[in-house]
$ cat data.txt   # compact mmCIF, C-alpha atoms
# COMPACT_ATOMS: atom_id res chain seq x y z
CA MET B 277 0.54 -1.31 -10.13
CA LEU B 278 -2.07 0.98 -11.63
CA ALA B 279 -4.34 0.42 -8.64
CA PHE B 280 -1.45 1.21 -6.29
CA ASP B 281 -0.66 4.42 -8.23
CA ALA B 282 -4.30 5.53 -8.13
CA GLU B 283 -4.46 4.81 -4.39
CA SER B 284 -1.27 6.71 -3.58
CA THR B 285 -2.38 9.66 -5.77
CA ALA B 286 -5.74 9.75 -3.95
CA SER B 287 -3.94 9.55 -0.62
CA ALA B 288 -1.61 12.44 -1.57
CA ALA B 289 -4.56 14.53 -2.81
CA ASP B 290 -6.37 13.75 0.43
CA ARG B 291 -3.36 14.95 2.46
CA TYR B 292 -2.92 18.14 0.43
CA LEU B 293 -6.59 18.99 0.82
CA ARG B 294 -6.33 18.54 4.56
CA TRP B 295 -3.30 20.82 4.72
CA ALA B 296 -5.10 23.33 2.49
CA GLY B 297 -7.99 23.29 4.98
CA LEU B 298 -5.55 23.94 7.83
CA LEU B 299 -3.80 26.76 5.95
CA ILE B 300 -7.09 28.44 5.02
CA GLY B 301 -8.24 27.89 8.60
CA ALA B 302 -5.13 29.56 10.02
CA VAL B 303 -5.51 32.59 7.72
CA ALA B 304 -9.27 32.85 8.30
CA ALA B 305 -8.87 32.45 12.08
CA ARG B 306 -6.28 35.23 12.13
CA ALA B 307 -8.53 37.52 10.07
CA VAL B 308 -11.58 36.79 12.24
CA GLY B 309 -9.57 37.14 15.43
CA HIS B 310 -8.11 40.51 14.45
CA GLY B 311 -11.40 41.77 13.01
CA LEU B 312 -13.38 41.08 16.16
CA ASP B 313 -10.66 42.21 18.55
CA ALA B 314 -10.98 45.80 17.27
CA GLY B 315 -13.84 46.59 19.66
CA GLU B 316 -13.90 43.77 22.20
CA ASP B 317 -11.38 41.12 23.25
CA VAL B 318 -13.46 38.22 21.92
CA GLY B 319 -11.65 37.53 18.64
CA ILE B 320 -10.03 34.31 19.87
CA LEU B 321 -13.47 32.93 20.79
CA TYR B 322 -14.45 33.01 17.12
CA ALA B 323 -11.00 32.30 15.67
CA ILE B 324 -10.78 28.81 17.23
CA PRO B 325 -14.05 27.49 15.75
CA VAL B 326 -13.21 29.05 12.37
CA PHE B 327 -9.88 27.18 12.36
CA GLY B 328 -11.52 23.94 13.50
CA LEU B 329 -14.31 24.10 10.92
CA CYS B 330 -11.82 24.81 8.10
CA ALA B 331 -9.84 21.75 9.23
CA VAL B 332 -13.08 19.71 9.08
CA ALA B 333 -13.82 21.11 5.61
CA GLY B 334 -10.34 20.00 4.44
CA VAL B 335 -11.03 16.44 5.65
CA LEU B 336 -14.45 16.45 3.98
CA ALA B 337 -12.94 17.71 0.70
CA GLY B 338 -10.54 14.74 0.76
CA ASP B 339 -13.47 12.46 1.58
CA ALA B 340 -15.39 13.77 -1.45
CA LEU B 341 -12.54 12.47 -3.66
CA THR B 342 -13.29 8.87 -2.67
CA ALA B 343 -13.71 6.91 -5.89
CA ARG B 344 -17.23 5.65 -6.62
CA PRO B 345 -17.58 1.96 -7.43
CA ARG B 346 -17.10 1.33 -11.16
CA GLY B 347 -17.43 -1.66 -13.41
CA ASP B 348 -20.46 -3.74 -14.29
CA VAL B 349 -20.33 -6.03 -11.27
CA ARG B 350 -20.32 -4.40 -7.83
CA THR B 351 -20.54 -5.88 -4.37
CA ALA B 352 -21.39 -4.41 -0.97
CA GLY B 353 -21.39 -5.88 2.53
CA LEU B 354 -24.54 -5.78 4.63
CA THR B 355 -22.95 -4.70 7.90
CA PRO B 356 -24.25 -1.25 8.88
CA ARG B 357 -21.48 1.29 9.47
CA ARG B 358 -22.05 3.50 12.51
CA VAL B 359 -20.19 6.64 13.52
CA ARG B 360 -19.24 5.12 16.89
CA ASP B 361 -17.37 2.29 15.12
CA TYR B 362 -14.89 4.77 13.62
CA VAL B 363 -14.19 7.38 16.30
CA PRO B 364 -11.28 6.81 18.74
CA PRO B 365 -13.22 5.48 21.77
CA ARG B 366 -11.14 6.71 24.72
CA MET B 367 -10.40 10.15 23.31
CA THR B 368 -14.03 10.64 22.27
CA LEU B 369 -15.19 9.78 25.81
CA LEU B 370 -12.65 12.19 27.31
CA LEU B 371 -13.73 14.96 24.91
CA LEU B 372 -17.42 14.33 25.63
CA GLY B 373 -16.60 14.62 29.34
CA GLN B 374 -14.76 17.89 28.73
CA ALA B 375 -17.70 19.19 26.69
CA GLY B 376 -19.98 18.47 29.66
CA VAL B 377 -17.56 20.23 32.05
CA LEU B 378 -17.35 23.23 29.68
CA VAL B 379 -21.14 23.64 29.56
CA VAL B 380 -21.47 23.30 33.36
CA LEU B 381 -18.56 25.67 33.99
CA LEU B 382 -19.96 28.34 31.66
CA ALA B 383 -23.46 27.97 33.17
CA VAL B 384 -22.15 28.36 36.74
CA ALA B 385 -19.90 31.26 35.70
CA ALA B 386 -22.86 32.96 33.98
CA VAL B 387 -24.95 32.72 37.16
CA LEU B 388 -22.14 34.17 39.32
CA ALA B 389 -21.09 36.93 36.89
CA SER B 390 -21.73 40.64 37.41
CA PRO B 391 -21.60 43.71 35.14
CA ASP B 392 -18.26 45.54 35.01
CA ASP B 393 -17.70 49.19 35.97
CA MET B 394 -19.00 50.25 32.53
CA GLY B 395 -22.25 48.32 33.08
CA ARG B 396 -21.45 45.54 30.58
CA ALA B 397 -23.09 42.34 31.84
CA GLY B 398 -21.31 39.03 32.48
CA ARG B 399 -17.70 40.20 32.53
CA ILE B 400 -16.51 40.18 36.13
CA LEU B 401 -16.97 38.34 39.41
CA THR B 402 -18.13 40.35 42.42
CA VAL B 403 -18.07 38.84 45.93
CA THR B 404 -19.34 40.31 49.22
CA CYS B 405 -16.67 39.71 51.88
CA PRO B 406 -17.47 38.74 55.53
CA ASP B 407 -16.56 42.29 56.65
CA GLY B 408 -19.25 43.73 54.37
CA ARG B 409 -17.07 45.23 51.64
CA THR B 410 -17.34 43.98 48.04
CA ALA B 411 -14.43 42.69 45.98
CA SER B 412 -14.48 42.46 42.18
CA THR B 413 -12.16 40.74 39.78
CA GLY B 414 -12.07 40.02 36.08
CA PRO B 415 -12.04 38.90 33.38
CA TRP B 416 -14.60 36.30 34.37
CA PRO B 417 -16.11 33.78 31.89
CA GLY B 418 -19.67 35.06 32.28
CA LEU B 419 -22.24 35.26 29.52
CA PHE B 420 -20.31 37.96 27.65
CA TYR B 421 -17.63 35.36 26.85
CA GLY B 422 -19.73 32.25 27.41
CA LEU B 423 -22.43 32.96 24.81
CA PRO B 424 -20.07 33.09 21.80
CA VAL B 425 -18.32 29.96 23.09
CA LEU B 426 -21.59 28.04 23.51
CA ALA B 427 -22.97 29.23 20.14
CA SER B 428 -19.84 28.24 18.23
CA PHE B 429 -19.69 24.97 20.20
CA ALA B 430 -23.27 24.12 19.15
CA VAL B 431 -22.63 24.97 15.49
CA SER B 432 -19.34 23.09 15.31
CA THR B 433 -20.75 20.03 17.11
CA ALA B 434 -23.58 19.82 14.56
CA GLY B 435 -21.07 20.27 11.70
CA CYS B 436 -18.73 17.58 13.04
CA LEU B 437 -21.57 15.10 13.64
CA TRP B 438 -22.78 15.63 10.07
CA SER B 439 -19.24 15.13 8.76
CA LEU B 440 -18.77 11.91 10.74
CA THR B 441 -22.04 10.54 9.34
CA LYS B 442 -20.90 11.37 5.79
CA ILE B 443 -17.55 9.67 6.37
CA ALA B 444 -19.13 6.51 7.81
CA ARG B 445 -21.45 6.17 4.81
CA ARG B 446 -18.87 6.81 2.12
CA PRO B 447 -17.51 3.73 0.28
CA GLY B 448 -13.82 2.96 0.63
CA ASP B 449 -11.59 1.15 3.06
CA GLU B 450 -11.94 0.99 6.82
CA LYS B 451 -8.49 2.50 7.51
CA THR B 452 -9.24 5.67 5.54
CA ARG B 453 -12.60 6.04 7.26
CA ARG B 454 -10.92 5.70 10.68
CA ASP B 455 -8.21 8.24 9.74
CA ARG B 456 -10.79 10.78 8.63
CA ALA B 457 -13.00 10.21 11.66
CA LEU B 458 -9.94 10.69 13.88
CA ALA B 459 -9.16 14.03 12.18
CA ILE B 460 -12.77 15.22 12.63
CA VAL B 461 -12.81 14.19 16.31
CA ALA B 462 -9.49 16.00 16.84
CA ALA B 463 -10.87 19.15 15.19
CA TRP B 464 -13.99 18.96 17.37
CA GLY B 465 -11.76 18.33 20.38
CA LEU B 466 -9.94 21.56 19.63
CA LEU B 467 -13.29 23.38 19.72
CA VAL B 468 -14.05 21.84 23.12
CA SER B 469 -10.74 21.80 24.95
CA ALA B 470 -9.41 25.21 23.84
CA PRO B 471 -12.45 27.11 25.23
CA LEU B 472 -12.35 24.88 28.32
CA LEU B 473 -8.69 25.75 28.84
CA GLY B 474 -9.52 29.44 28.46
CA ALA B 475 -12.61 29.37 30.71
CA ALA B 476 -11.01 27.24 33.46
CA SER B 477 -7.76 29.22 33.59
CA THR B 478 -9.58 32.58 33.48
CA ALA B 479 -11.97 31.55 36.25
CA SER B 480 -9.20 30.13 38.45
CA GLY B 481 -7.05 33.22 37.80
CA ALA B 482 -9.96 35.45 38.89
CA LEU B 483 -10.56 33.36 42.01
CA MET B 484 -6.86 33.48 42.94
CA ASP B 485 -7.05 37.28 42.77
CA MET B 486 -9.81 37.19 45.39
CA THR B 487 -8.78 37.45 49.01
CA CYS B 488 -12.15 36.78 50.60
CA ASP B 489 -13.69 34.00 48.48
CA GLY B 490 -13.43 31.53 51.40
CA THR B 491 -13.37 27.74 51.26
CA VAL B 492 -15.68 27.56 48.22
CA GLY B 493 -13.31 29.76 46.22
CA ARG B 494 -10.27 27.69 47.25
CA LEU B 495 -12.04 24.42 46.41
CA ALA B 496 -13.11 25.82 43.04
CA THR B 497 -9.50 26.78 42.28
CA TRP B 498 -8.35 23.24 43.19
CA VAL B 499 -10.91 21.83 40.74
CA LEU B 500 -10.27 24.39 37.99
CA TRP B 501 -6.48 24.04 37.77
CA PRO B 502 -6.49 20.27 37.00
CA THR B 503 -9.35 20.89 34.57
CA ALA B 504 -7.28 23.51 32.76
CA LEU B 505 -4.24 21.22 32.78
CA ALA B 506 -6.24 18.30 31.30
CA ALA B 507 -7.65 20.69 28.67
CA LEU B 508 -4.11 21.86 27.83
CA VAL B 509 -2.98 18.27 27.23
CA THR B 510 -6.05 17.61 25.07
CA VAL B 511 -5.48 20.81 23.06
CA ALA B 512 -1.92 19.64 22.32
CA TRP B 513 -3.12 16.16 21.27
CA CYS B 514 -5.89 17.57 19.07
CA LEU B 515 -3.62 20.13 17.42
CA PHE B 516 -0.94 17.49 16.75
CA THR B 517 -3.51 15.07 15.31
CA VAL B 518 -5.14 17.74 13.14
CA ILE B 519 -1.90 19.08 11.66
CA SER B 520 -0.20 15.70 11.13
CA PRO B 521 -2.69 13.53 9.24
CA LYS B 522 -0.28 10.60 9.08
CA ALA B 523 0.36 10.60 12.82
CA ARG B 524 -0.30 7.35 14.64
CA VAL B 525 -0.64 8.12 18.30
CA ARG B 526 -1.92 5.86 21.06
CA ARG B 527 -5.54 6.71 21.81
CA MET R 27 -18.63 -16.91 8.93
CA ASN R 28 -18.33 -14.17 6.32
CA SER R 29 -20.85 -11.39 6.50
CA PRO R 30 -23.34 -11.70 3.62
CA ALA R 31 -22.94 -9.35 0.68
CA ILE R 32 -25.03 -8.05 -2.18
CA ARG R 33 -23.80 -8.34 -5.75
CA VAL R 34 -25.24 -6.16 -8.52
CA ASP R 35 -24.51 -6.58 -12.22
CA THR R 36 -25.38 -3.30 -13.92
CA SER R 37 -25.11 -4.90 -17.38
CA SER R 38 -27.79 -7.48 -16.54
CA PRO R 39 -31.28 -7.02 -18.04
CA VAL R 40 -32.66 -7.44 -14.49
CA PRO R 41 -32.94 -3.94 -12.97
CA PRO R 42 -30.54 -3.31 -10.05
CA TYR R 43 -33.39 -2.72 -7.55
CA GLU R 44 -34.78 -6.17 -8.42
CA GLN R 45 -31.35 -7.79 -8.01
CA ILE R 46 -31.02 -6.21 -4.56
CA ARG R 47 -34.58 -7.16 -3.59
CA ALA R 48 -34.19 -10.76 -4.75
CA GLN R 49 -30.84 -11.28 -2.97
CA LEU R 50 -32.02 -9.73 0.28
CA ALA R 51 -35.26 -11.73 0.14
CA ALA R 52 -33.24 -14.93 -0.37
CA LEU R 53 -30.88 -14.10 2.50
CA ILE R 54 -33.83 -13.42 4.81
CA THR R 55 -35.99 -16.41 3.86
CA THR R 56 -33.05 -18.81 4.09
CA GLY R 57 -32.14 -17.51 7.54
CA ARG R 58 -28.73 -16.08 6.63
CA LEU R 59 -30.03 -12.73 7.85
CA LEU R 60 -31.63 -13.27 11.24
CA GLU R 61 -34.73 -11.66 12.66
CA ARG R 62 -34.10 -8.13 14.03
CA GLU R 63 -30.69 -8.00 12.30
CA ARG R 64 -29.94 -4.46 11.22
CA LEU R 65 -29.47 -3.68 7.53
CA PRO R 66 -27.29 -0.85 6.20
CA THR R 67 -28.97 2.47 5.52
CA VAL R 68 -30.25 3.17 2.02
CA ARG R 69 -27.51 5.78 1.53
CA GLN R 70 -24.71 3.47 2.70
CA LEU R 71 -25.76 0.59 0.44
CA ALA R 72 -26.33 2.94 -2.49
CA ALA R 73 -22.90 4.54 -2.01
CA ASP R 74 -21.16 1.14 -1.72
CA LEU R 75 -22.84 -0.12 -4.89
CA GLY R 76 -22.43 3.17 -6.78
CA LEU R 77 -26.20 3.37 -7.37
CA ALA R 78 -28.76 6.11 -6.80
CA ALA R 79 -30.31 6.12 -3.32
CA GLY R 80 -33.75 5.79 -4.95
CA THR R 81 -32.77 2.41 -6.45
CA VAL R 82 -31.94 0.92 -3.06
CA ALA R 83 -34.94 2.67 -1.47
CA ARG R 84 -37.23 0.98 -4.00
CA ALA R 85 -35.79 -2.45 -3.16
CA TYR R 86 -36.28 -1.75 0.58
CA ARG R 87 -39.86 -0.54 -0.04
CA GLU R 88 -40.73 -3.75 -1.87
CA LEU R 89 -39.18 -5.88 0.87
CA GLU R 90 -41.16 -3.91 3.42
CA ALA R 91 -44.35 -4.45 1.42
CA ALA R 92 -43.55 -8.19 1.49
CA SER R 93 -43.16 -7.94 5.32
CA LEU R 94 -39.56 -9.14 5.14
CA ILE R 95 -38.06 -5.99 6.67
CA HIS R 96 -39.37 -3.07 8.66
CA THR R 97 -38.08 0.46 9.00
CA ARG R 98 -38.63 2.70 11.98
CA ARG R 99 -37.33 6.21 12.47
CA GLY R 100 -34.37 6.09 14.82
CA ALA R 101 -34.19 2.28 14.84
CA GLY R 102 -33.11 1.87 11.20
CA THR R 103 -34.09 -0.99 8.93
CA ARG R 104 -34.24 -4.46 10.45
CA VAL R 105 -35.17 -7.94 9.34
CA ALA R 106 -38.81 -8.67 10.24
CA PRO R 107 -39.97 -11.93 11.82
CA LEU R 108 -40.37 -14.51 9.08
CA PRO R 109 -43.95 -15.29 8.08
CA SER R 110 -44.86 -18.91 8.74
CA ARG R 111 -43.79 -20.95 5.73
CA ALA R 112 -45.95 -23.37 3.80
CA PRO R 113 -45.07 -26.93 4.88
CA ASP R 114 -44.29 -28.01 1.27
CA PRO R 115 -43.44 -25.80 -1.67
CA ASP R 116 -45.92 -25.84 -4.54
CA PRO R 117 -44.46 -28.43 -7.01
CA THR R 118 -46.02 -26.73 -10.03
CA ARG R 119 -44.48 -23.38 -9.12
CA LEU R 120 -41.12 -25.03 -8.40
CA ALA R 121 -41.14 -26.80 -11.78
CA GLU R 122 -42.01 -23.54 -13.50
CA LEU R 123 -39.05 -21.78 -11.80
CA ALA R 124 -36.72 -24.64 -12.83
CA ARG R 125 -37.93 -24.42 -16.44
CA GLN R 126 -37.31 -20.67 -16.46
CA PHE R 127 -33.79 -21.16 -15.09
CA VAL R 128 -32.94 -23.93 -17.58
CA THR R 129 -34.25 -21.80 -20.46
CA HIS R 130 -32.04 -18.86 -19.41
CA ALA R 131 -29.03 -21.15 -18.90
CA ARG R 132 -29.49 -22.73 -22.36
CA THR R 133 -29.68 -19.24 -23.87
CA LEU R 134 -26.23 -18.67 -22.39
CA GLY R 135 -25.05 -21.89 -24.09
CA ALA R 136 -24.74 -23.94 -20.88
CA GLU R 137 -24.87 -27.74 -21.12
CA GLY R 138 -26.71 -30.00 -18.66
CA ASP R 139 -23.68 -30.61 -16.43
CA ALA R 140 -22.85 -26.90 -16.22
CA VAL R 141 -26.49 -26.16 -15.31
CA MET R 142 -26.46 -28.78 -12.53
CA THR R 143 -23.12 -27.48 -11.20
CA ALA R 144 -24.48 -23.92 -11.11
CA VAL R 145 -27.57 -25.11 -9.17
CA ARG R 146 -25.43 -27.07 -6.69
CA GLU R 147 -23.14 -24.06 -6.14
CA ALA R 148 -26.12 -21.77 -5.63
CA LEU R 149 -27.56 -24.22 -3.08
CA GLU R 150 -24.24 -24.30 -1.22
CA GLU R 151 -24.05 -20.50 -1.29
CA LEU R 152 -27.65 -20.10 -0.07
CA PRO R 153 -28.30 -23.19 2.07

$ encode --input "data.txt" --output "structure tokens"
Amino acid sequence: MLAFDAESTASAADRYLRWAGLLIGAVAARAVGHGLDAGEDVGILYAIPVFGLCAVAGVLAGDALTARPRGDVRTAGLTPRRVRDYVPPRMTLLLLGQAGVLVVLLAVAAVLASPDDMGRAGRILTVTCPDGRTASTGPWPGLFYGLPVLASFAVSTAGCLWSLTKIARRPGDEKTRRDRALAIVAAWGLLVSAPLLGAASTASGALMDMTCDGTVGRLATWVLWPTALAALVTVAWCLFTVISPKARVRR
Amino acid sequence: MNSPAIRVDTSSPVPPYEQIRAQLAALITTGRLLERERLPTVRQLAADLGLAAGTVARAYRELEAASLIHTRRGAGTRVAPLPSRAPDPDPTRLAELARQFVTHARTLGAEGDAVMTAVREALEELP
């Protein structure tokens, strides 16, 4: 009975810490978003990783509460615990694929981007039409938007990998480790699929504005829309998983 | 077959690193841990046993010095190929070990039958 009480108290504390992480994340993301939007419209690019990292911190705070082994006699299995044994396999593969698409998309967009009418690099797409005139459209996910996305992606990926390693090493039961790893993957997924949704929909929107982008432009739009749609579904899954720690969804 | 486990008694006069070293050495030399089998990281084992990482690291270092395990960056810690064993154990050394065990068991107040049962159980546990 006492063991059950201690377990349920730890589980409740774990859940409250996760929600505290989400709440702090929401407030911090709003503050960062508003603060950076004063000059340039890039606040959302920083707000998403701030929210995701606060969610990860909430999970890690719960993880830090894991009871250390006590008593004179202690036992431990000799099976090594690896990060890949605890992450949801299909969702992780999908998110890794989306991360690859995000990097490629931002790299291609950076190469194609041009400065806007105020001379600020990497903000619009300029195309020379067959009749010789030039057409410009924006916003375009060039380096101006892509650099903050890639920088926060790199930082959050390192942070999430570190967190997953900590969780895999921590003593405790397998179910709790899997739950925490799932929450971390979902938070990382948010940091991958939300920027992908933004970059793919912005790029396809810009291409649809173009009247002389030819077959390449049309093909790109046909690729970008499904990409954005897949990212939208993943964003919803990640957000649901992050904000409902007790959720059991098929993955 | 159950995965082998390590058991540490922190109230024992034998230091925890020596308990870990002795149990791992026994598991390796008796073939319960196979060649190239991966062992948990120092941090994982230390966390599971509630010991300092240095304690487990010392046990691993001694096993490495005895060529029972090897550690490589990126590949983790694995069981090393067993050194070729002597065809027959040294009877003098074996008798000495038995005397030591019987002395300790008598100190605990164990009678002859209890001592024999403990030996049989240990042999079944570590074939």

$ interface_residues --input "data.txt" --of "chain R" --to "chain B" --cutoff "6 Å" --atoms "only C-alpha atoms" --output "list in words"
Ala31, Ile32, Arg33, Val34, Asp35, Thr36, Ser37, Leu65, Pro66, Gln70, Ala73, Asp74, Leu75 and Gly76 of chain R

$ residues_around --input "data.txt" --residues "R:Glu88" --least-positions-apart "6" --cutoff "12 Å" --atoms "only C-alpha atoms" --output "ChimeraX atom specification"
/R:43-48,50-51,81-82,94-97

$ residues_near_point --input "data.txt" --point "(-18.1, 16.3, 9.8)" --cutoff "12 Å" --atoms "only C-alpha atoms" --output "PyMOL selection string"
chain B and resi 328-340+359+363+431-445+453+456-464

$ atom_distance --input "data.txt" --atom1 "atom CA of B:Thr413" --atom2 "atom CA of B:Ala482"
5.8 Å

$ atom_distance --input "data.txt" --atom1 "atom CA of R:Ala106" --atom2 "atom CA of R:Ser93"
6.6 Å

$ residues_around --input "data.txt" --residues "stretch 141-153 of chain R" --least-positions-apart "2" --cutoff "7 Å" --atoms "all atoms listed in the file" --output "list in words"
Thr56, Ala131, Ala136, Glu137, Gly138 and Asp139 of chain R

$ closest_residue --input "data.txt" --among "B:Ala427, B:Gly465, B:Val377, B:Thr487" --to "B:Thr402" --atoms "all atoms listed in the file"
B:Thr487

$ atom_distance --input "data.txt" --atom1 "atom CA of R:Pro107" --atom2 "atom CA of R:Gln49"
17.4 Å

$ closest_residue --input "data.txt" --among "B:Cys405, B:Leu381, B:Ala389, B:Val518" --to "B:Asp455" --atoms "only C-alpha atoms"
B:Val518

$ residues_around --input "data.txt" --residues "B:Val511" --least-positions-apart "2" --cutoff "7 Å" --atoms "all atoms listed in the file" --output "PyMOL selection string"
chain B and resi 466+469-470+507-509+513-515

$ closest_residue --input "data.txt" --among "B:Asp290, B:Leu371, B:Thr517, B:Ala475" --to "B:Ala383" --atoms "only C-alpha atoms"
B:Ala475

$ closest_residue --input "data.txt" --among "R:Arg132, R:Arg98, R:Arg104, R:Arg84" --to "R:Glu63" --atoms "only C-alpha atoms"
R:Arg104

$ build_atoms --input "data.txt" --residues "stretch 327-335 of chain B" --atoms "all heavy atoms" --output "PDB file, keeping the file's coordinate frame"
ATOM      1  N   PHE B 327     -11.004  28.057  12.706  1.00  0.00           N
ATOM      2  CA  PHE B 327      -9.880  27.180  12.360  1.00  0.00           C
ATOM      3  C   PHE B 327     -10.336  25.716  12.348  1.00  0.00           C
ATOM      4  O   PHE B 327     -10.062  24.972  11.399  1.00  0.00           O
ATOM      5  CB  PHE B 327      -8.733  27.368  13.364  1.00  0.00           C
ATOM      6  CG  PHE B 327      -7.589  26.428  13.129  1.00  0.00           C
ATOM      7  CD1 PHE B 327      -6.718  26.618  12.069  1.00  0.00           C
ATOM      8  CD2 PHE B 327      -7.385  25.335  13.966  1.00  0.00           C
ATOM      9  CE1 PHE B 327      -5.672  25.735  11.839  1.00  0.00           C
ATOM     10  CE2 PHE B 327      -6.344  24.452  13.744  1.00  0.00           C
ATOM     11  CZ  PHE B 327      -5.482  24.656  12.678  1.00  0.00           C
ATOM     12  N   GLY B 328     -11.064  25.330  13.390  1.00  0.00           N
ATOM     13  CA  GLY B 328     -11.520  23.940  13.500  1.00  0.00           C
ATOM     14  C   GLY B 328     -12.433  23.545  12.353  1.00  0.00           C
ATOM     15  O   GLY B 328     -12.284  22.461  11.773  1.00  0.00           O
ATOM     16  N   LEU B 329     -13.357  24.440  11.994  1.00  0.00           N
ATOM     17  CA  LEU B 329     -14.310  24.100  10.920  1.00  0.00           C
ATOM     18  C   LEU B 329     -13.608  24.044   9.561  1.00  0.00           C
ATOM     19  O   LEU B 329     -13.980  23.243   8.710  1.00  0.00           O
ATOM     20  CB  LEU B 329     -15.479  25.085  10.915  1.00  0.00           C
ATOM     21  CG  LEU B 329     -16.456  24.880  12.080  1.00  0.00           C
ATOM     22  CD1 LEU B 329     -17.541  25.954  12.086  1.00  0.00           C
ATOM     23  CD2 LEU B 329     -17.108  23.497  12.034  1.00  0.00           C
ATOM     24  N   CYS B 330     -12.583  24.894   9.361  1.00  0.00           N
ATOM     25  CA  CYS B 330     -11.820  24.810   8.100  1.00  0.00           C
ATOM     26  C   CYS B 330     -11.058  23.495   8.030  1.00  0.00           C
ATOM     27  O   CYS B 330     -10.949  22.878   6.962  1.00  0.00           O
ATOM     28  CB  CYS B 330     -10.853  25.981   7.974  1.00  0.00           C
ATOM     29  SG  CYS B 330     -11.689  27.525   7.591  1.00  0.00           S
ATOM     30  N   ALA B 331     -10.540  23.048   9.186  1.00  0.00           N
ATOM     31  CA  ALA B 331      -9.840  21.750   9.230  1.00  0.00           C
ATOM     32  C   ALA B 331     -10.823  20.632   8.861  1.00  0.00           C
ATOM     33  O   ALA B 331     -10.495  19.724   8.089  1.00  0.00           O
ATOM     34  CB  ALA B 331      -9.253  21.507  10.616  1.00  0.00           C
ATOM     35  N   VAL B 332     -12.051  20.707   9.394  1.00  0.00           N
ATOM     36  CA  VAL B 332     -13.080  19.710   9.080  1.00  0.00           C
ATOM     37  C   VAL B 332     -13.407  19.752   7.583  1.00  0.00           C
ATOM     38  O   VAL B 332     -13.532  18.704   6.922  1.00  0.00           O
ATOM     39  CB  VAL B 332     -14.358  19.969   9.928  1.00  0.00           C
ATOM     40  CG1 VAL B 332     -15.520  19.125   9.430  1.00  0.00           C
ATOM     41  CG2 VAL B 332     -14.079  19.669  11.391  1.00  0.00           C
ATOM     42  N   ALA B 333     -13.500  20.971   7.033  1.00  0.00           N
ATOM     43  CA  ALA B 333     -13.820  21.110   5.610  1.00  0.00           C
ATOM     44  C   ALA B 333     -12.723  20.476   4.748  1.00  0.00           C
ATOM     45  O   ALA B 333     -13.011  19.858   3.724  1.00  0.00           O
ATOM     46  CB  ALA B 333     -13.987  22.591   5.251  1.00  0.00           C
ATOM     47  N   GLY B 334     -11.457  20.620   5.168  1.00  0.00           N
ATOM     48  CA  GLY B 334     -10.340  20.000   4.440  1.00  0.00           C
ATOM     49  C   GLY B 334     -10.476  18.485   4.418  1.00  0.00           C
ATOM     50  O   GLY B 334     -10.280  17.844   3.390  1.00  0.00           O
ATOM     51  N   VAL B 335     -10.846  17.904   5.570  1.00  0.00           N
ATOM     52  CA  VAL B 335     -11.030  16.440   5.650  1.00  0.00           C
ATOM     53  C   VAL B 335     -12.188  16.012   4.741  1.00  0.00           C
ATOM     54  O   VAL B 335     -12.098  15.027   4.004  1.00  0.00           O
ATOM     55  CB  VAL B 335     -11.293  16.002   7.103  1.00  0.00           C
ATOM     56  CG1 VAL B 335     -11.555  14.495   7.170  1.00  0.00           C
ATOM     57  CG2 VAL B 335     -10.122  16.360   7.984  1.00  0.00           C
TER      58      VAL B 335
END
